[in-house]
Every structure is written in structure tokens, then in C-alpha cells.
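Below is one structure, written out as C-alpha cells; the observations come after it.
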Amino acid sequence: MKFSAKQIAELLNGKIEGDSNVVINELSKIEDGRSGSLTFLANPKYASFIYNTGASIVIVNNDFVPEQTISSTLIRVNDAYQAFAILLDVYNKIKLNKTGISDKAFIPKSAVIGKNVYIGEFAVIGENVVISDNVKIYPQVYIGDNTRIGEKTTIYSGVKIYSDNIIGDNCTFHSGVIIGADGFGFAPKCDNDYMKIAQIGNVIIENNVEIGANCTIDRATLGSTIIRDGAKLDNLIQIAHNVEIGENTVIVSQTGIAGSTKIGKNCLIGGQVGIVGHLKIADNVKIAAQSGISSSIEQEGAVIQGSPAFKKLDYQKSYIFFKKLPDIYKRLEEVEKKLKKLF
Amino acid sequence: MKFSAKQIAELLNGKIEGDSNVVINELSKIEDGRSGSLTFLANPKYASFIYNTGASIVIVNNDFVPEQTISSTLIRVNDAYQAFAILLDVYNKIKLNKTGISDKAFIPKSAVIGKNVYIGEFAVIGENVVISDNVKIYPQVYIGDNTRIGEKTTIYSGVKIYSDNIIGDNCTFHSGVIIGADGFGFAPKCDNDYMKIAQIGNVIIENNVEIGANCTIDRATLGSTIIRDGAKLDNLIQIAHNVEIGENTVIVSQTGIAGSTKIGKNCLIGGQVGIVGHLKIADNVKIAAQSGISSSIEQEGAVIQGSPAFKKLDYQKSYIFFKKLPDIYKRLEEVEKKLKKLF
Amino acid sequence: MKFSAKQIAELLNGKIEGDSNVVINELSKIEDGRSGSLTFLANPKYASFIYNTGASIVIVNNDFVPEQTISSTLIRVNDAYQAFAILLDVYNKIKLNKTGISDKAFIPKSAVIGKNVYIGEFAVIGENVVISDNVKIYPQVYIGDNTRIGEKTTIYSGVKIYSDNIIGDNCTFHSGVIIGADGFGFAPKCDNDYMKIAQIGNVIIENNVEIGANCTIDRATLGSTIIRDGAKLDNLIQIAHNVEIGENTVIVSQTGIAGSTKIGKNCLIGGQVGIVGHLKIADNVKIAAQSGISSSIEQEGAVIQGSPAFKKLDYQKSYIFFKKLPDIYKRLEEVEKKLKKLF
């Protein structure tokens with residue numbers, strides 16, 4: 001894949017300064033730039049690199065004013081970071097453009113397969129599954145009976161989706177994701193033993209959802225576990241039965257959310273957070289990494305930390321004094337000694 | 001699958017009030033009830049829903065006294081929740097009744113396969129493996145050489161079981177479970193380098209054990225890692241080499257238990273708990289979520305929290321004052337100032 | 001597999017005391033020894049077992065002086081623990097010596113396969129993949145296009161490696177490991193929505209690296225996520241995009257390291273630790289389990305704990321007083337009362 005400065009400037013609606021015929025075949029960081037690579041400068045912190053980068057092309061903001069001569073060709077755009085992200089995406093789409101249905105995949109007659117679908121080797125499609133147009137299913141994926149996959153969704157190698165789930169459009173599931181395993185439901189019996197509660201609900205994942213490697217999204221006992229439009233999940237996250245994750249909420253890796261909890265829209269949940277079951281978390285809430293949430297958060301936009309969590313600023317103040325506790329204790333003892341002399 | 005109120009009442013040994021010929025084809029929550037669905041009322045908190053539910057049949061406790069007219073057919077039983085759980089189970093057993101051995105599975109001649117076994121596409125069975133009667137092995141499962149699987153055990157798509165392990169009856173392993181990977185054993189060498197200690201032990205899983213999606217149960221260095229009868233593990237749990245989990249102990253997701261630790265019977269271990277190696281945890285111990293356990297717990301029935309954990313009630317008291325630390329510090333300073341005036 | 005005391009003594013360069021013709025066919029713990037098993041005594045704590053063990057052979061240190069008669073044959077060596085580890089390794093190498101390329105694996109013509117390679121059933125090898133000599137690839141593994149696997153590396157069943165990654169020699173990846181999934185990169189758009197930043201970098205794993213079951217190692221946005229020589233990762237660990245892990249660093253299970261953080265050499269990172277992005281951790285740092293690291297650690301050999309973490313000894317002192325907080329508060333109140341009387 002080779003592109004000239006001219007082609008790229010056209011794609012990005014940018015203005016060239018320098019040789020418009022120079023050709024690149026890779027994208028790089030500015031500090032790793034070399035002949036044939038294209039890079040970008042958005043953060044002023046990295047500005048010093050532009051004067052020595054070996055990159056053939058550098059995308060810069062329209063308002064960038066060089067302080068020395070630059071040997072690379074520049075392409076000026078409104079937002080260099082975003083322009084570069086567009087190029088990354090173009091590059092990736094060309095690279096990942098797998099097509100065709102492997103004759104080593106297992107697809108029953110009852111499955112409905114759309115147009116321009118990729119299904120890799122040793123994938124297993126269940127009975128009555130619907131695979132919409134432009135879906136990519138990598139090798140060794142399993143899709144259980146009656147599950148529906150929306151358009152343009154990409155499912156990487158080794159994802160397992162149980163039966164009866166509904167997956168939206170433009171979703172991406174990374175390897176090792178498990179969707180629709182049984183929720184963790186057991187009723188105690190008299191003799192310390194447990195009776196399993198069958199989990200007959202499903203999982204609904206709306207559009208534009210990304211789920212990272214080895215996440216687990218359990219099916220509902222009854223009804224649905226729901227991940228709403230645009231939610232983004234990092235790796236190794238646990239979503240229990242009947243949970244609902246709101247639109248555009250972002251969750252960092254290794255967080256776990258227990259059964260029936262509802263998370264609002266546009267929340268930012270840090271890594272290794274634990275949220276207990278049957279809670280409601282308001283919209284726009286921010287939860288610091290490693291926090292434990294044991295009661296509902298009703299205040300929109302709350303920013304919290306701790307286990308159990310409270311206001312982040314207050315947590316951080318308390319933690320400063322936690323570090324001073326040995327000193328605080330010693331001072332308290334001295335105060336007591338002095339007082340003793342008085343009484 | 002359609003059932004009449006009469007059929008269901010017979011199955012549950014219940015008493016019908018209303019139309020015994022009404023037919024249902026799905027199970028629902030009471031608030032989602034509609035024509036053709038069956039639901040239940042056990043928790044009085046939900047009683048108000050019964051007067052407006054669209055469900056065709058509602059299972060209620062024998063002692064339920066309606067305060068208004070109810071249009072649904074009622075089935076009265078001793079324990080409505082348990083009766084509904086039985087129906088969920090019946091429903092699930094019918095739905096999940098996969099049978100037959102796929103000709104796309106790989107099964108060597110040395111493997112012994114019982115009666116009424118399901119083995120899905122692209123499953124790999126190792127040499128000398130024993131699969132007992134009524135076992136279900138979903139597609140893409142791997143079972144290493146010499147491993148034995150007990151009767152009626154269900155192994156979902158993508159589970160990987162290494163060689164030489166012993167799995168009991170009536171177990172359920174969800175997708176992504178890894179059983180028998182090497183324990184984490186390395187001996188330091190003089191030059192900061194490590195020598196791997198080969199892990200030649202195995203994993204023994206007794207009967208009625210459920211293991212959630214993407215859990216990892218490592219094989220022992222020597223001897224066995226053991227999960228006893230009736231233990232229930234949620235998702236993404238780490239069980240290290242030579243650990244032993246007692247009977248009917250329940251562990252919530254993302255908890256990790258380090259090497260050679262023995263957990264007693266009937267314990268309840270919350271989510272994201274960490275337990276260090278070589279400890280003993282007594283029977284009936286309850287450990288709050290996100291706790292860290294760094295010493296053995298000898299007291300049966302202890303209830304603990306914190307990192308490191310101590311008595312849960314004491315932790316919660318300390319945490320109340322942790323929140324007040326900025327205030328405590330200010331008051332200490334004031335006390336010191338006042339005292340200064342006196343001396 | 002049967003071995004005589006004579007064969008084993010030769011292998012270990014040890015000295016026999018007792019019957020040099022006795023034969024063993026298994027390795028055991030000293031407390032589980034029985035006729036036909038070989039065990040070892042290294043830790044004096046276990047010395048009492050040697051007088052009653054049923055083991056046919058016991059490996060002991062050269063300086064071991066028995067206090068009673070021992071019925072087992074002894075083999076004296078310089079370091080009994082290390083000698084036993086060597087035997088474990090020999091045993092394991094014989095047991096795990098899978099060879100041959102399954103005709104049920106999928107291998108395109110463009111892939112380059114070395115000598116003495118094992119590739120199991122339903123493994124999928126991508127275009128232009130290079131598999132070096134003596135590599136073992138278990139069933140159902142996926143290796144994406146252009147990825148290179150170094151010599152003698154073992155990849156267990158179900159590992160998924162995306163395209164364009166570089167894996168060194170003598171590595172071991174356990175089942176469920178995901179290498180090269182997209183880093184978690186999203187740029188906020190004006191309407192609470194996110195634009196995915198395509199992740200076009202790769203993962204480089206150097207030599208002698210072991211990665212435990214269900215770990216996730218994300219590919220870089222640009223450039224490489226790097227795991228250096230001799231690093232050892234336990235299970236269920238998250239390594240984000242552009243992270244670098246130094247030589248011989250050991251990480252215990254369920255730890256997560258966020259994007260672009262660089263960890264030094266010879267570090268020991270406990271379980272369930274969280275490290276935020278864009279930090280630098282010096283060499284030889286030790287981080288206690290469940291700690292949260294939110295700023296760079298510049299001091300080599302620092303030993304830290306807490307969330308956020310500080311010096312481990314200081315954390316432990318503060319925690320002692322955390323437990324006493326209810327008492328501290330009561331004493332402060334008393335001090336205040338007494339002072340009130342004075343003013």
C-alpha cells in the first residue's frame with residue numbers, strides 16, 4: 001500500500017507544503033519517523049521532534065508555525081490528531097479486509113447469511129442464526145442457535161456467543177469474549193447445598209459497541225442483559241446477569257459489575273472497579289480505578305473513589321491523613337500525656 | 001413448547017385457580033408478563049404487579065391473599081420461587097438438549113465415549129480420554145490426553161482442559177474455562193533469571209461443580225489442585241496450583257486464590273478478593289468483596305473485610321472514621337494549639 | 001516410563017546410598033511417597049517425613065545427616081530442590097512430546113513451517129506466518145497473518161495471536177492467551193460519542209517469556225507493546241497498548257497495566273495490582289498485591305503498597321492505626337471534653 005502526499009491531502013482535505021509527489025507506505029510515531037513513513041504532530045510537547053524526524057510526511061495543524069526548517073513534506077489540516085486517526089482507520093480497513101466463507105466453517109442450512117460476509121475456518125454457526133451483511137467472523141468463533149448478528153460487526157477469533165442473543169450493527173468483539181454464559185444464580189437449599197437457577201434470558205448488545213479480549217457478558221435469568229449504543233469495554237471485564245450498561249459508557253479493564261445493576265449514560269468507570277448488584281448509577285458518573293461501589297449513585301456527574309467509594313476529592317484528602325496516621329497517633333498520645341499532668 | 005395450566009400444576013403439584021386450559025409458551029418476569037407467558041409472585045414487594053400483569057399464568061404461594069381481582073390463572077404451591085426455578089430448569093433442559101457426535105469432531109480410537117453423549121464440531125478429544133454417559137461437549141472444546149469426564153457434565157464451547165485431569169459428575173464449565181494450565185512456579189537463579197518448575201500434578205474437580213466463563217484452574221506442581229463437591233465459581237476467577245476449595249463454597253467473579261491455599265466448606269467469598277498462598281481458611285467464612293487475605297483464618301464463620309482483612313464490622317467502623325480523617329486532624333491541631341497556651 | 005536409581009544418579013551427577021537397582025515410575029511429594037515413587041527433601045521443615053515415607057528413592061542434599069534409619073534409597077546431590085526440578089522437567093518433556101502436523105489444521109501455502117514442528121487439529125495459521133523449528137502449536141490455536149513464532153516456543157490450545165506480531169524463542173503461552181487485540185483507544189467526539197483510534201502497531205515478545213492462561217496483551221496503537229526476555233506472567237493479566245515489561249520481571253495473576261507504561265527489569269508485581277498509564281517503574285521494584293500505582297516510581301528497588309501505593313512499611317504502619325481509628329476518635333473526643341473544662 002503506497003500513497004502520495006497528494007492522495008493523502010485529498011483524502012484529508014489538507015494543504016501540502018513541500019513535495020506533493022513523495023510517497024509513504026507506513027504510519028509511524030514522530031520519534032520513529034523514517035523515509036517512507038507518515039506521522040503527525042498534534043501535541044506541542046512533541047514539537048521538537050519535527051525538525052529531525054526522518055518521516056517523509058508530517059500532518060500538522062493549520063496554525064502550526066515552524067521555528068526551524070523542516071525537511072519533511074507537511075500536510076496542514078484542521079485537526080492533525082483526528083486526521084491521523086482517519087488514516088489509521090483507512091490503513092486498518094485495507095489490512096483487515098478479509099472476505100469469503102471458508103469451506104471449513106460449519107454452517108447449517110437454517111442459518112441466514114448476508115452479503116459480503118467473511119466466515120473463517122472452523123467457525124461454528126448455530127441453527128437459525130442470522131448473520132447480516134458485511135459481518136466478519138474470524139476462525140474458531142462459535143455462535144449459538146437463534147443468535148442474530150447486525151451489519152458490519154466484526155467478531156475476532158475464538159469469541160463464543162451462546163444461543164438466543166441479539167447483537168447490533170458496527171460492533172467489535174475481540175478474541176476470548178464470552179457472551180451469554182449463564183448468570184451466577186443459585187438458591188441455597190437447607191443442607192448447605194445449592195440449587196442452580198436456570199438462566200433462560202439473553203444478552204442484547206446494541207450498535208457501535210466494542211468489547212475487549214476475554215470479557216464475559218452473562219445472559220439474564222429472565223429478560224435481558226443489555227449493553228447500550230456506543231458503550232466501550234476494555235479487556236477482562238465481567239458483566240453479570242440482567243445488568244444494563246448505558247449509552248457511550250466507557251469501562252476500563254478488569255472491572256466487574258454484579259447482577260441487575262444499571263449503569264447510566266456517558267459514565268467513565270476505571271479499571272478493577274467492583275460494583276455490587278441491584279444498584280443504579282446515574283449518568284455521567286466517573287468512578288476511579290479500584291473503587292468498590294456498594295450503594296446507588298443518584299447524583300449525575302458524581303466523581304467518586306474508595307472501597308466503599310465516596311467523593312473522589314474527599315477520598316484523596318482522607319488518604320493524605322491515612323498516610324500520616326502514625327504521626328497523628330503519636331501526637332494524640334502526647335496530648336494525652338500533657339493533659340494527664342493537668343488533671 | 002406449549003404447556004397448559006393443568007400440565008404445569010401437575011408438574012409442580014399445585015392447585016389451579018382460574019382457567020386450567022390456558023396455554024403458555026414462555027416464562028417472564030411479572031412486570032413483563034403478557035398473553036402466553038407464565039410468571040411468579042414470591043417477594044411481597046412485587047405484589048402490586050399481579051393485578052395488572054398480562055401474564056396468562058402466575059404461580060403464587062399457598063398463603064397469598066389477593067386484595068383485588070386478578071385476571072391471570074393462578075397456580076398455588078408451597079414455594080412459588082422454587083416452583084418457578086423448577087420450570088426454568090425444565091425449559092432449559094428441553095432447549096439445551098443437544099445430542100449426537102459430530103463427524104467434524106476429532107476423536108482418537110483410544111478415547112472411551114459413553115452413551116447419549118453430545119460432541120460438537122471441531123472439538124478435540126485426546127488419547128485415552130474417558131467421556132462418561134450423558135456428557136455434553138460443545139464445539140471447539142479441547143480435552144487433553146488421559147482426562148476423565150464424569151456423567152452428565154456439560155462443557156460449553158471453547159473450554160480447554162489439559163491432560164491428566166479428573167472431572168466429576170454433573171459439572172458445568174462455561175466457555176473460556178481453562179483447566180490444568182501450568183501453575184506459576186519459577187525458582188530464582190543467581191543472575192536474576194528464573195528456572196521454570198515443571199508442573200506435573202493435575203486438577204481434580206468433584207461433582208456438582210459449576211465454573212464460570214474464563215476462569216483458570218491451574219494444575220498442581222505435584223499432587224492435585226482440588227475443587228470439592230458442589231463448589232460454585234463465578235466468572236474470571238483464578239485458582240492457582242495446589243489450591244483446595246471446600247464443599248459448597250461459593251466464589252464471586254474476579255477473585256484470585258494463590259498457590260497451596262486451602263479454603264473450607266460453605267464459605268462465601270466476594271468478588272475481586274485476593275487470597276495469598278499457603279493459607280488455611282476455616283469453614284463457613286464470609287469474605288467481603290475486594291478484600292485481601294494475607295493470613296490464615298482459623299475461626300469458623302468469621303466475617304471479614306479489608307486489605308489486609310479483619311472483622312467486617314470493625315472494618316466498617318474504621319472506614320467511617322477514615323472518611324472523617326481530615327476533620328479528626330483539624331480537631332487534633334486545635335487541641336494542640338489550646339494545650340500550647342497552657343504550657 | 002521407568003527409571004532406576006542408577007540412571008537417575010547419573011543424570012543428576014549424584015551419589016547413591018542404598019539399592020541402586022530400585023525402579024521408580026512417578027514423582028511425588030515426600031508425604032505422598034509410595035513404592036515406585038521418587039521424592040526429595042530440601043526444606044528441613046519436612047525432614048521428619050523421610051523416616052516414614054514409602055517413596056522408593058529420596059533425593060537429598062549432600063550435607064543431609066539422617067537421625068534415624070531410612071528405608072528409601074537416597075541420592076545425594078548439591079541442591080536437592082534443583083535436582084528434583086530437573087527431573088520434573090525431564091518427566092514433562094517426555095510426556096508433552098507431541099509431534100507432527102495434523103491434516104485437520106489449516107495452513108496456507110504462504111506459511112513457512114520449520115523442522116520438527118507440532119501443529120494440532122483445527123489450528124489456523126495465517127498468510128505469511130513463520131513457524132520456527134521445534135515449535136509446538138496445540139489444537140484450535142489461531143495465528144494471524146505475518147506473525148512470526150521463534151524456536152522451541154509452545155502455544156497451548158486455544159491461544160489467539162492476531163496478525164503482525166513477533167514472538168521469540170522458548171516462550172510458553174497457556175490456553176486462552178490473547179496477543180495483539182486492539183488497544184483501548186477512543187477519541188471523544190463532541191456528542192458524548194467516541195471515535196475509535198485504529199490500532200495498527202503490534203506486540204513483540206522476546207525470548208523465554210511465559211504467559212499464563214487467559215492473559216490479554218494488546219497491540220500498540222503505533223509501534224510495539226513489548227515483553228522483554230525472561231518475563232513471567234501469571235494468569236488473567238491485562239497488558240495494555242504500548243506497555244513495555246522489562247527483563248525477568250514477574251507479574252502475579254489478575255494485575256492490569258494501562259497504556260504506555262514502562263516497567264523495569266527484575267520487578268516483582270503482586271496479584272491484582274493496577275498500574276495507570278504513561279508511568280515509568282524503575283528496576284527491581286516490588287509492588288504488594290492489590291496495590292494501585294498512580295505515579296512513576298523512580299527509586300530502584302522500592303517496595304510499595306496501598307492504593308495509591310507508598311512505601312510498604314509505612315503503609316503497614318498506617319494500616320495498624322487505621323484499625324485503631326474508632327479508638328483514636330474516642331480518645332480525641334475525651335481530650336476535647338477535658339480541654340473544654342479548662343477553657
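Following the order of the C-alpha cells, chains are lettered A, B, ..., residues in each are numbered from 1, and ligands are numbered from 1.
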
Go through chain B residue by residue and, counting only C-alpha atoms, keep those with an atom at most 8 Å from chain A; for each kept residue give the shortest atom pair and its distance in Å to one decimal, ordered by chain and increasing number, as JSON lines.
```
{"residue": "B:Leu27", "atom": "CA", "partner": "A:Leu222", "partner_atom": "CA", "distance": 7.6}
{"residue": "B:Ser28", "atom": "CA", "partner": "A:Leu222", "partner_atom": "CA", "distance": 6.2}
{"residue": "B:Lys29", "atom": "CA", "partner": "A:Leu222", "partner_atom": "CA", "distance": 6.4}
{"residue": "B:Ala85", "atom": "CA", "partner": "A:Ile197", "partner_atom": "CA", "distance": 5.7}
{"residue": "B:Leu88", "atom": "CA", "partner": "A:Ala198", "partner_atom": "CA", "distance": 5.4}
{"residue": "B:Asp89", "atom": "CA", "partner": "A:Ala198", "partner_atom": "CA", "distance": 5.1}
{"residue": "B:Tyr91", "atom": "CA", "partner": "A:Ile200", "partner_atom": "CA", "distance": 7.9}
{"residue": "B:Asn92", "atom": "CA", "partner": "A:Ile200", "partner_atom": "CA", "distance": 6.5}
{"residue": "B:Glu121", "atom": "CA", "partner": "A:Val124", "partner_atom": "CA", "distance": 7.2}
{"residue": "B:Phe122", "atom": "CA", "partner": "A:Phe122", "partner_atom": "CA", "distance": 6.6}
{"residue": "B:Pro139", "atom": "CA", "partner": "A:Val124", "partner_atom": "CA", "distance": 7.3}
{"residue": "B:Gln140", "atom": "CA", "partner": "A:Gln140", "partner_atom": "CA", "distance": 7.2}
{"residue": "B:Ser157", "atom": "CA", "partner": "A:Lys160", "partner_atom": "CA", "distance": 6.7}
{"residue": "B:Gly158", "atom": "CA", "partner": "A:Lys160", "partner_atom": "CA", "distance": 7.1}
{"residue": "B:His174", "atom": "CA", "partner": "A:Ala181", "partner_atom": "CA", "distance": 6.3}
{"residue": "B:Ser175", "atom": "CA", "partner": "A:Ile178", "partner_atom": "CA", "distance": 6.5}
{"residue": "B:Gly176", "atom": "CA", "partner": "A:Gly176", "partner_atom": "CA", "distance": 6.9}
{"residue": "B:Gly212", "atom": "CA", "partner": "A:Ala181", "partner_atom": "CA", "distance": 7.7}
{"residue": "B:Ala213", "atom": "CA", "partner": "A:Thr216", "partner_atom": "CA", "distance": 6.5}
{"residue": "B:Asn214", "atom": "CA", "partner": "A:Asn214", "partner_atom": "CA", "distance": 7.0}
{"residue": "B:Gly230", "atom": "CA", "partner": "A:Asp193", "partner_atom": "CA", "distance": 6.9}
{"residue": "B:Asp234", "atom": "CA", "partner": "A:Phe184", "partner_atom": "CA", "distance": 6.0}
{"residue": "B:Asn235", "atom": "CA", "partner": "A:Gln238", "partner_atom": "CA", "distance": 7.0}
{"residue": "B:Leu236", "atom": "CA", "partner": "A:Gln238", "partner_atom": "CA", "distance": 7.4}
{"residue": "B:Asn248", "atom": "CA", "partner": "A:Asp193", "partner_atom": "CA", "distance": 6.0}
{"residue": "B:Ser253", "atom": "CA", "partner": "A:Gln238", "partner_atom": "CA", "distance": 7.4}
{"residue": "B:Gln254", "atom": "CA", "partner": "A:Gly256", "partner_atom": "CA", "distance": 7.3}
{"residue": "B:Asn266", "atom": "CA", "partner": "A:Asn192", "partner_atom": "CA", "distance": 6.6}
{"residue": "B:Gly271", "atom": "CA", "partner": "A:Gly274", "partner_atom": "CA", "distance": 7.5}
{"residue": "B:Gln272", "atom": "CA", "partner": "A:Gly274", "partner_atom": "CA", "distance": 7.2}
{"residue": "B:Ala289", "atom": "CA", "partner": "A:Gly274", "partner_atom": "CA", "distance": 7.9}
{"residue": "B:Gln290", "atom": "CA", "partner": "A:Gly292", "partner_atom": "CA", "distance": 7.4}
{"residue": "B:Phe322", "atom": "CA", "partner": "A:Ser318", "partner_atom": "CA", "distance": 6.2}
{"residue": "B:Lys323", "atom": "CA", "partner": "A:Ser318", "partner_atom": "CA", "distance": 5.9}
{"residue": "B:Lys324", "atom": "CA", "partner": "A:Ser318", "partner_atom": "CA", "distance": 7.1}
{"residue": "B:Leu325", "atom": "CA", "partner": "A:Ser318", "partner_atom": "CA", "distance": 5.3}
{"residue": "B:Pro326", "atom": "CA", "partner": "A:Ser318", "partner_atom": "CA", "distance": 5.8}
{"residue": "B:Tyr329", "atom": "CA", "partner": "A:Ile328", "partner_atom": "CA", "distance": 7.3}
{"residue": "B:Leu332", "atom": "CA", "partner": "A:Leu332", "partner_atom": "CA", "distance": 7.1}
{"residue": "B:Val335", "atom": "CA", "partner": "A:Val335", "partner_atom": "CA", "distance": 7.7}
{"residue": "B:Glu336", "atom": "CA", "partner": "A:Val335", "partner_atom": "CA", "distance": 6.8}
{"residue": "B:Leu339", "atom": "CA", "partner": "A:Val335", "partner_atom": "CA", "distance": 7.6}
```

So which bits of segment 13-204 of chain C end up strand (DSSP E) when you DSSP the backbone, as a ChimeraX atom specification? /C:15-17,23-24,26-27,37-41,57-61,73-77,100-101,112-113,118-119,124-125,130-131,136-137,142-143,148-149,154-155,160-161,166-167,172-173,178-181,186-188,194-196,202-204

With a distance cut-off of 12 Å and only C-alpha atoms, select the neighbouring residues of Phe64 of chain C, excluding the residue or stretch itself and same-chain residues fewer than 2 positions from it, and output the selection as a PDB file with N, CA, C and O atoms, in the first residue's frame.
```
ATOM      1  N   PHE C  40      11.862 -35.838  47.120  1.00  0.00           N
ATOM      2  CA  PHE C  40      13.072 -35.117  47.508  1.00  0.00           C
ATOM      3  C   PHE C  40      12.866 -34.488  48.878  1.00  0.00           C
ATOM      4  O   PHE C  40      11.730 -34.301  49.336  1.00  0.00           O
ATOM      5  N   LEU C  41      13.968 -34.196  49.558  1.00  0.00           N
ATOM      6  CA  LEU C  41      13.937 -33.473  50.825  1.00  0.00           C
ATOM      7  C   LEU C  41      14.908 -32.303  50.707  1.00  0.00           C
ATOM      8  O   LEU C  41      16.120 -32.512  50.612  1.00  0.00           O
ATOM      9  N   ALA C  42      14.374 -31.081  50.704  1.00  0.00           N
ATOM     10  CA  ALA C  42      15.245 -29.896  50.633  1.00  0.00           C
ATOM     11  C   ALA C  42      15.010 -29.023  51.859  1.00  0.00           C
ATOM     12  O   ALA C  42      15.928 -28.583  52.510  1.00  0.00           O
ATOM     13  N   ASN C  43      13.736 -28.790  52.197  1.00  0.00           N
ATOM     14  CA  ASN C  43      13.353 -27.934  53.319  1.00  0.00           C
ATOM     15  C   ASN C  43      13.404 -28.743  54.616  1.00  0.00           C
ATOM     16  O   ASN C  43      12.671 -29.721  54.762  1.00  0.00           O
ATOM     17  N   PRO C  44      14.250 -28.351  55.602  1.00  0.00           N
ATOM     18  CA  PRO C  44      14.379 -29.117  56.849  1.00  0.00           C
ATOM     19  C   PRO C  44      13.035 -29.301  57.561  1.00  0.00           C
ATOM     20  O   PRO C  44      12.871 -30.259  58.318  1.00  0.00           O
ATOM     21  N   ALA C  47      11.783 -32.682  57.180  1.00  0.00           N
ATOM     22  CA  ALA C  47      12.737 -33.781  57.422  1.00  0.00           C
ATOM     23  C   ALA C  47      12.081 -34.985  58.089  1.00  0.00           C
ATOM     24  O   ALA C  47      12.411 -36.138  57.793  1.00  0.00           O
ATOM     25  N   ILE C  50      10.926 -38.119  56.090  1.00  0.00           N
ATOM     26  CA  ILE C  50      11.812 -39.024  55.348  1.00  0.00           C
ATOM     27  C   ILE C  50      11.939 -40.395  56.020  1.00  0.00           C
ATOM     28  O   ILE C  50      12.207 -41.382  55.352  1.00  0.00           O
ATOM     29  N   VAL C  58      14.675 -41.128  47.554  1.00  0.00           N
ATOM     30  CA  VAL C  58      14.589 -39.732  48.008  1.00  0.00           C
ATOM     31  C   VAL C  58      15.895 -39.023  47.622  1.00  0.00           C
ATOM     32  O   VAL C  58      16.989 -39.516  47.934  1.00  0.00           O
ATOM     33  N   ILE C  59      15.755 -37.895  46.949  1.00  0.00           N
ATOM     34  CA  ILE C  59      16.912 -37.068  46.632  1.00  0.00           C
ATOM     35  C   ILE C  59      17.149 -36.130  47.814  1.00  0.00           C
ATOM     36  O   ILE C  59      16.212 -35.479  48.284  1.00  0.00           O
ATOM     37  N   VAL C  60      18.382 -36.101  48.322  1.00  0.00           N
ATOM     38  CA  VAL C  60      18.692 -35.238  49.480  1.00  0.00           C
ATOM     39  C   VAL C  60      19.938 -34.414  49.182  1.00  0.00           C
ATOM     40  O   VAL C  60      20.705 -34.726  48.263  1.00  0.00           O
ATOM     41  N   ASN C  61      20.120 -33.373  49.982  1.00  0.00           N
ATOM     42  CA  ASN C  61      21.337 -32.567  49.861  1.00  0.00           C
ATOM     43  C   ASN C  61      22.546 -33.353  50.357  1.00  0.00           C
ATOM     44  O   ASN C  61      22.426 -34.211  51.243  1.00  0.00           O
ATOM     45  N   ASN C  62      23.707 -33.052  49.831  1.00  0.00           N
ATOM     46  CA  ASN C  62      24.943 -33.732  50.245  1.00  0.00           C
ATOM     47  C   ASN C  62      25.164 -33.668  51.749  1.00  0.00           C
ATOM     48  O   ASN C  62      25.647 -34.627  52.352  1.00  0.00           O
ATOM     49  N   PRO C  66      21.034 -38.078  58.433  1.00  0.00           N
ATOM     50  CA  PRO C  66      19.822 -38.708  58.968  1.00  0.00           C
ATOM     51  C   PRO C  66      19.942 -38.917  60.477  1.00  0.00           C
ATOM     52  O   PRO C  66      21.025 -39.150  60.992  1.00  0.00           O
ATOM     53  N   GLU C  67      18.818 -38.815  61.163  1.00  0.00           N
ATOM     54  CA  GLU C  67      18.802 -39.036  62.612  1.00  0.00           C
ATOM     55  C   GLU C  67      18.231 -40.406  62.957  1.00  0.00           C
ATOM     56  O   GLU C  67      18.265 -40.825  64.100  1.00  0.00           O
ATOM     57  N   GLN C  68      17.640 -41.065  61.976  1.00  0.00           N
ATOM     58  CA  GLN C  68      17.139 -42.425  62.159  1.00  0.00           C
ATOM     59  C   GLN C  68      17.465 -43.203  60.888  1.00  0.00           C
ATOM     60  O   GLN C  68      17.962 -42.629  59.927  1.00  0.00           O
ATOM     61  N   LEU C  74      18.657 -43.370  48.953  1.00  0.00           N
ATOM     62  CA  LEU C  74      18.949 -41.940  48.868  1.00  0.00           C
ATOM     63  C   LEU C  74      19.824 -41.643  47.654  1.00  0.00           C
ATOM     64  O   LEU C  74      20.677 -42.450  47.294  1.00  0.00           O
ATOM     65  N   ILE C  75      19.607 -40.493  47.026  1.00  0.00           N
ATOM     66  CA  ILE C  75      20.570 -39.980  46.043  1.00  0.00           C
ATOM     67  C   ILE C  75      21.010 -38.605  46.536  1.00  0.00           C
ATOM     68  O   ILE C  75      20.167 -37.700  46.703  1.00  0.00           O
ATOM     69  N   ARG C  76      22.300 -38.489  46.830  1.00  0.00           N
ATOM     70  CA  ARG C  76      22.813 -37.224  47.363  1.00  0.00           C
ATOM     71  C   ARG C  76      23.292 -36.325  46.215  1.00  0.00           C
ATOM     72  O   ARG C  76      24.006 -36.769  45.323  1.00  0.00           O
ATOM     73  N   VAL C  77      22.877 -35.055  46.268  1.00  0.00           N
ATOM     74  CA  VAL C  77      23.262 -34.073  45.234  1.00  0.00           C
ATOM     75  C   VAL C  77      23.589 -32.748  45.923  1.00  0.00           C
ATOM     76  O   VAL C  77      23.319 -32.577  47.109  1.00  0.00           O
ATOM     77  N   ASN C  78      24.114 -31.814  45.157  1.00  0.00           N
ATOM     78  CA  ASN C  78      24.431 -30.490  45.712  1.00  0.00           C
ATOM     79  C   ASN C  78      23.191 -29.742  46.174  1.00  0.00           C
ATOM     80  O   ASN C  78      23.183 -29.111  47.221  1.00  0.00           O
ATOM     81  N   ASP C  79      22.145 -29.786  45.359  1.00  0.00           N
ATOM     82  CA  ASP C  79      20.940 -28.999  45.629  1.00  0.00           C
ATOM     83  C   ASP C  79      19.734 -29.871  45.290  1.00  0.00           C
ATOM     84  O   ASP C  79      19.372 -30.028  44.123  1.00  0.00           O
ATOM     85  N   ALA C  80      19.130 -30.442  46.347  1.00  0.00           N
ATOM     86  CA  ALA C  80      18.082 -31.448  46.136  1.00  0.00           C
ATOM     87  C   ALA C  80      16.868 -30.850  45.421  1.00  0.00           C
ATOM     88  O   ALA C  80      16.234 -31.502  44.584  1.00  0.00           O
TER      89      ALA C  80
END
```
